[in-house]
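Undergrad: So I've got this file, coords.pdb, and it contains PDB, C-alpha atoms and all ligand atoms:
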```
ATOM      1  CA  MET A   1      60.282 -35.747 170.138
ATOM      2  CA  SER A   2      61.151 -38.268 167.441
ATOM      3  CA  GLU A   3      63.831 -39.697 169.756
ATOM      4  CA  LYS A   4      61.110 -40.776 172.165
ATOM      5  CA  THR A   5      59.148 -42.709 169.568
ATOM      6  CA  ALA A   6      61.872 -45.334 169.182
ATOM      7  CA  CYS A   7      63.050 -47.815 171.784
ATOM      8  CA  PRO A   8      66.169 -46.530 173.612
ATOM      9  CA  ARG A   9      67.596 -50.050 173.759
ATOM     10  CA  CYS A  10      66.863 -51.540 170.313
ATOM     11  CA  ALA A  11      65.568 -48.573 168.238
ATOM     12  CA  HIS A  12      62.345 -50.396 167.363
ATOM     13  CA  PRO A  13      59.592 -47.927 166.423
ATOM     14  CA  ALA A  14      56.637 -49.823 167.944
ATOM     15  CA  ILE A  15      56.188 -48.513 171.463
ATOM     16  CA  SER A  16      53.133 -49.112 173.612
ATOM     17  CA  GLN A  17      51.944 -47.171 176.621
ATOM     18  CA  LEU A  18      51.654 -49.381 179.704
ATOM     19  CA  PHE A  19      50.639 -46.838 182.327
ATOM     20  CA  THR A  20      50.064 -43.165 182.710
ATOM     21  CA  SER A  21      50.525 -41.014 185.800
ATOM     22  CA  PRO A  22      47.571 -40.212 188.086
ATOM     23  CA  VAL A  23      48.463 -36.550 187.552
ATOM     24  CA  PRO A  24      47.699 -35.968 183.878
ATOM     25  CA  GLY A  25      50.769 -35.315 181.777
ATOM     26  CA  ALA A  26      53.320 -36.001 184.548
ATOM     27  CA  TRP A  27      54.715 -39.186 183.026
ATOM     28  CA  ASP A  28      53.892 -42.312 181.060
ATOM     29  CA  VAL A  29      55.383 -45.784 181.277
ATOM     30  CA  LEU A  30      56.264 -46.999 177.797
ATOM     31  CA  GLN A  31      57.330 -50.429 176.577
ATOM     32  CA  CYS A  32      59.122 -51.545 173.445
ATOM     33  CA  GLU A  33      57.129 -54.199 171.585
ATOM     34  CA  GLN A  34      60.292 -55.878 170.309
ATOM     35  CA  CYS A  35      62.673 -56.193 173.276
ATOM     36  CA  LEU A  36      60.141 -55.419 176.058
ATOM     37  CA  TYR A  37      62.340 -52.707 177.571
ATOM     38  CA  CYS A  38      60.200 -50.424 179.784
ATOM     39  CA  TRP A  39      60.858 -46.899 180.875
ATOM     40  CA  ARG A  40      59.102 -43.976 182.464
ATOM     41  CA  THR A  41      59.162 -40.803 180.425
ATOM     42  CA  SER A  42      60.361 -38.820 183.454
ATOM     43  CA  GLU A  43      63.594 -40.862 183.700
ATOM     44  CA  PRO A  44      66.882 -39.278 182.587
ATOM     45  CA  ALA A  45      67.829 -39.202 178.900
ATOM     46  CA  ARG A  46      70.275 -42.096 179.314
ATOM     47  CA  ARG A  47      67.248 -44.327 180.037
ATOM     48  CA  THR A  48      64.716 -42.779 177.692
ATOM     49  CA  THR A  49      66.435 -41.815 174.439
ATOM     50  CA  ARG A  50      68.331 -43.926 171.946
ATOM     51  CA  THR A  51      71.091 -41.372 171.475
ATOM     52  CA  ALA A  52      71.889 -41.092 175.190
ATOM     53  CA  TYR A  53      71.357 -44.763 176.048
ATOM     54  CA  PRO A  54      74.701 -46.432 176.973
ATOM     55  CA  ASP A  55      76.237 -48.111 173.899
ATOM     56  CA  SER A  56      77.171 -51.230 175.843
ATOM     57  CA  PHE A  57      73.481 -51.933 176.573
ATOM     58  CA  LYS A  58      72.141 -51.220 173.103
ATOM     59  CA  LEU A  59      70.643 -54.086 171.110
ATOM     60  CA  THR A  60      69.950 -54.570 167.424
ATOM     61  CA  ALA A  61      67.331 -56.846 165.895
ATOM     62  CA  ASP A  62      70.179 -59.239 165.035
ATOM     63  CA  ASP A  63      71.380 -59.252 168.640
ATOM     64  CA  ILE A  64      67.887 -60.219 169.782
ATOM     65  CA  ARG A  65      67.507 -62.964 167.155
ATOM     66  CA  SER A  66      70.884 -64.482 167.980
ATOM     67  CA  ALA A  67      70.675 -64.047 171.731
ATOM     68  CA  PRO A  68      71.626 -67.248 173.545
ATOM     69  CA  GLU A  69      69.027 -69.047 175.533
ATOM     70  CA  VAL A  70      68.509 -67.619 178.982
ATOM     71  CA  PRO A  71      70.538 -69.804 181.374
ATOM     72  CA  ALA A  72      68.547 -72.221 183.485
ATOM     73  CA  VAL A  73      68.177 -71.532 187.189
ATOM     74  CA  PRO A  74      70.608 -73.883 188.974
ATOM     75  CA  PRO A  75      69.308 -76.382 191.535
ATOM     76  CA  LEU A  76      68.718 -74.991 194.990
ATOM     77  CA  ARG A  77      71.594 -75.321 197.412
ATOM     78  CA  ARG A  78      71.043 -77.676 200.283
ATOM     79  CA  GLY A  79      69.602 -75.989 203.344
ATOM     80  CA  ARG A  80      71.616 -75.079 206.415
ATOM     81  CA  GLU A  81      69.800 -77.721 208.473
ATOM     82  CA  ASP A  82      71.754 -80.385 206.551
ATOM     83  CA  ARG A  83      75.116 -79.275 207.952
TER      84      ARG A  83
HETATM   85 ZN    ZN B   1      63.409 -52.337 172.289
END
```
Please render this file's structure as structure tokens.
TA:
Amino acid sequence: MSEKTACPRCAHPAISQLFTSPVPGAWDVLQCEQCLYCWRTSEPARRTTRTAYPDSFKLTADDIRSAPEVPAVPPLRRGREDR
């Protein structure tokens, strides 16, 4: 159970519960308070546990701090009516 109390993506221990299933106990939707990753507890282990989460998608606190700015959305392309 301790695996589920840390964020699968960044291992942060502060996890909040966003939603819970209409059927009690079926699932919860949890969110990491550090990297904002969300997951449903009924998803497979590779999405819900740090140990099974794919290494290439894992983040550390340093990764988050040094993450580059999110790229700007480029200008819209001209519409087809201009051709
Ligand atoms: Zn996280």
Undergrad: With distances taken over all atoms listed in the file, which residue among A:Gln31, A:Thr49, A:Ser56, A:Ser42 lies nearest ligand ZN 1 (chain B)?
TA: A:Gln31
Undergrad: Check which residues fall inside 6 Å of ligand ZN 1 (chain B) when counting all atoms listed in the file, and print them as a list in words.
TA: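 The residues near ligand ZN 1 (chain B) are Cys7, Arg9, Cys10, Ala11, His12, Cys32, Gln34, Cys35, Leu36 and Tyr37 of chain A.
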Undergrad: Could you put an axis-aligned box around every listed atom of stretch 20-36 of chain A, padded by 6 Å on each side, and send me its centre and edge lengths in Å to one decimal, as JSON?
TA:
```
{"center_x": 55.1, "center_y": -45.8, "center_z": 179.2, "size_x": 27.1, "size_y": 32.9, "size_z": 29.8}
```
Undergrad: Find, counting all atoms listed in the file, the residue in A:Ile64, A:Val70, A:Pro22, A:Thr5 that gets nearest to A:Thr48.
TA: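 Looking only at the distances to A:Thr48, the closest residue turns out to be A:Thr5.
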Undergrad: Just the number, please: distance in Å from atom CA of A:Thr60 to atom CA of A:Val73, one decimal.
TA: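 We find that atom CA of A:Thr60 and atom CA of A:Val73 lie 26.1 Å from each other.
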Undergrad: Given the PyMOL selection byres (((chain A and resi 46) around 12) and not hetatm) and the file above, list the residues it selects as a ChimeraX atom specification.
TA: /A:3-4,7-9,39-45,47-58
Undergrad: Could you check how far atom CA of A:Asp28 sits from atom CA of A:Leu59, in Å to one decimal?
TA: 22.8 Å
Undergrad: What does the distance between atom CA of A:Ala61 and atom CA of A:Leu18 come to in Å, to one decimal place?
TA: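 Answer for the atom CA of A:Ala61 to atom CA of A:Leu18 separation: 22.2 Å.
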Undergrad: Put stretch 67-81 of chain A into a file with all heavy atoms, as a tab-separated table (two decimals), in the first residue's frame.
TA:
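Result went into out_1.tsv, see below:
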```tsv
chain	number	residue	atom	x	y	z
A	67	ALA	N	12.86	22.25	-15.48
A	67	ALA	CA	12.14	22.00	-16.73
A	67	ALA	C	12.10	23.29	-17.56
A	67	ALA	O	11.88	24.37	-17.02
A	67	ALA	CB	10.72	21.54	-16.42
A	68	PRO	N	12.34	23.17	-18.86
A	68	PRO	CA	12.28	24.36	-19.70
A	68	PRO	C	10.85	24.88	-19.77
A	68	PRO	O	9.90	24.16	-19.50
A	68	PRO	CB	12.74	23.87	-21.07
A	68	PRO	CG	12.51	22.40	-21.05
A	68	PRO	CD	12.64	21.97	-19.61
A	69	GLU	N	10.75	26.10	-20.12
A	69	GLU	CA	9.44	26.72	-20.28
A	69	GLU	C	8.64	25.92	-21.32
A	69	GLU	O	9.19	25.45	-22.30
A	69	GLU	CB	9.66	28.15	-20.77
A	69	GLU	CG	8.42	29.00	-20.77
A	69	GLU	CD	8.72	30.42	-21.20
A	69	GLU	OE1	9.88	30.86	-21.05
A	69	GLU	OE2	7.81	31.07	-21.71
A	70	VAL	N	7.36	25.83	-21.09
A	70	VAL	CA	6.52	25.15	-22.07
A	70	VAL	C	6.53	25.97	-23.36
A	70	VAL	O	6.35	27.19	-23.32
A	70	VAL	CB	5.08	25.02	-21.52
A	70	VAL	CG1	4.17	24.41	-22.57
A	70	VAL	CG2	5.08	24.19	-20.25
A	71	PRO	N	6.77	25.33	-24.50
A	71	PRO	CA	6.86	26.10	-25.75
A	71	PRO	C	5.55	26.83	-26.05
A	71	PRO	O	4.46	26.33	-25.76
A	71	PRO	CB	7.10	25.02	-26.81
A	71	PRO	CG	7.54	23.81	-26.07
A	71	PRO	CD	6.98	23.91	-24.69
A	72	ALA	N	5.68	28.00	-26.62
A	72	ALA	CA	4.50	28.78	-26.98
A	72	ALA	C	3.75	28.09	-28.12
A	72	ALA	O	4.36	27.39	-28.94
A	72	ALA	CB	4.92	30.18	-27.41
A	73	VAL	N	2.45	28.32	-28.17
A	73	VAL	CA	1.67	27.80	-29.29
A	73	VAL	C	2.00	28.65	-30.51
A	73	VAL	O	1.95	29.88	-30.45
A	73	VAL	CB	0.16	27.89	-28.96
A	73	VAL	CG1	-0.68	27.45	-30.16
A	73	VAL	CG2	-0.16	27.05	-27.74
A	74	PRO	N	2.37	28.04	-31.63
A	74	PRO	CA	2.73	28.84	-32.81
A	74	PRO	C	1.50	29.54	-33.38
A	74	PRO	O	0.37	29.15	-33.09
A	74	PRO	CB	3.27	27.80	-33.79
A	74	PRO	CG	2.69	26.50	-33.35
A	74	PRO	CD	2.46	26.61	-31.87
A	75	PRO	N	1.74	30.58	-34.20
A	75	PRO	CA	0.60	31.28	-34.81
A	75	PRO	C	-0.24	30.32	-35.65
A	75	PRO	O	0.29	29.35	-36.19
A	75	PRO	CB	1.26	32.33	-35.70
A	75	PRO	CG	2.69	32.33	-35.35
A	75	PRO	CD	3.02	31.07	-34.63
A	76	LEU	N	-1.51	30.61	-35.75
A	76	LEU	CA	-2.38	29.77	-36.56
A	76	LEU	C	-1.94	29.83	-38.02
A	76	LEU	O	-1.47	30.86	-38.50
A	76	LEU	CB	-3.82	30.25	-36.46
A	76	LEU	CG	-4.49	30.04	-35.11
A	76	LEU	CD1	-5.90	30.67	-35.13
A	76	LEU	CD2	-4.58	28.56	-34.77
A	77	ARG	N	-2.09	28.70	-38.70
A	77	ARG	CA	-1.81	28.70	-40.14
A	77	ARG	C	-2.93	29.41	-40.86
A	77	ARG	O	-4.07	29.45	-40.40
A	77	ARG	CB	-1.68	27.25	-40.62
A	77	ARG	CG	-0.43	26.60	-40.09
A	77	ARG	CD	-0.50	25.11	-40.16
A	77	ARG	NE	-0.64	24.64	-41.54
A	77	ARG	CZ	-0.64	23.36	-41.87
A	77	ARG	NH1	-0.49	22.44	-40.95
A	77	ARG	NH2	-0.77	23.00	-43.12
A	78	ARG	N	-2.58	29.99	-41.98
A	78	ARG	CA	-3.62	30.70	-42.75
A	78	ARG	C	-4.69	29.69	-43.19
A	78	ARG	O	-4.40	28.56	-43.50
A	78	ARG	CB	-3.01	31.38	-43.95
A	78	ARG	CG	-2.03	32.49	-43.55
A	78	ARG	CD	-1.26	32.97	-44.75
A	78	ARG	NE	-2.13	33.60	-45.74
A	78	ARG	CZ	-2.38	34.91	-45.79
A	78	ARG	NH1	-1.80	35.71	-44.92
A	78	ARG	NH2	-3.16	35.40	-46.71
A	79	GLY	N	-5.91	30.15	-43.26
A	79	GLY	CA	-7.02	29.28	-43.62
A	79	GLY	C	-7.00	28.86	-45.07
A	79	GLY	O	-6.31	29.47	-45.91
A	80	ARG	N	-7.72	27.81	-45.39
A	80	ARG	CA	-7.75	27.30	-46.76
A	80	ARG	C	-8.37	28.29	-47.74
A	80	ARG	O	-8.10	28.26	-48.93
A	80	ARG	CB	-8.56	26.00	-46.81
A	80	ARG	CG	-7.87	24.85	-46.15
A	80	ARG	CD	-8.80	23.64	-46.05
A	80	ARG	NE	-8.18	22.62	-45.22
A	80	ARG	CZ	-7.36	21.67	-45.69
A	80	ARG	NH1	-7.10	21.62	-46.97
A	80	ARG	NH2	-6.84	20.80	-44.88
A	81	GLU	N	-9.24	29.18	-47.22
A	81	GLU	CA	-9.90	30.13	-48.13
A	81	GLU	C	-8.91	31.12	-48.74
A	81	GLU	O	-9.22	31.80	-49.70
A	81	GLU	CB	-11.04	30.86	-47.40
A	81	GLU	CG	-10.58	31.80	-46.30
A	81	GLU	CD	-10.40	31.12	-44.96
A	81	GLU	OE1	-10.37	29.86	-44.89
A	81	GLU	OE2	-10.27	31.83	-43.96
```
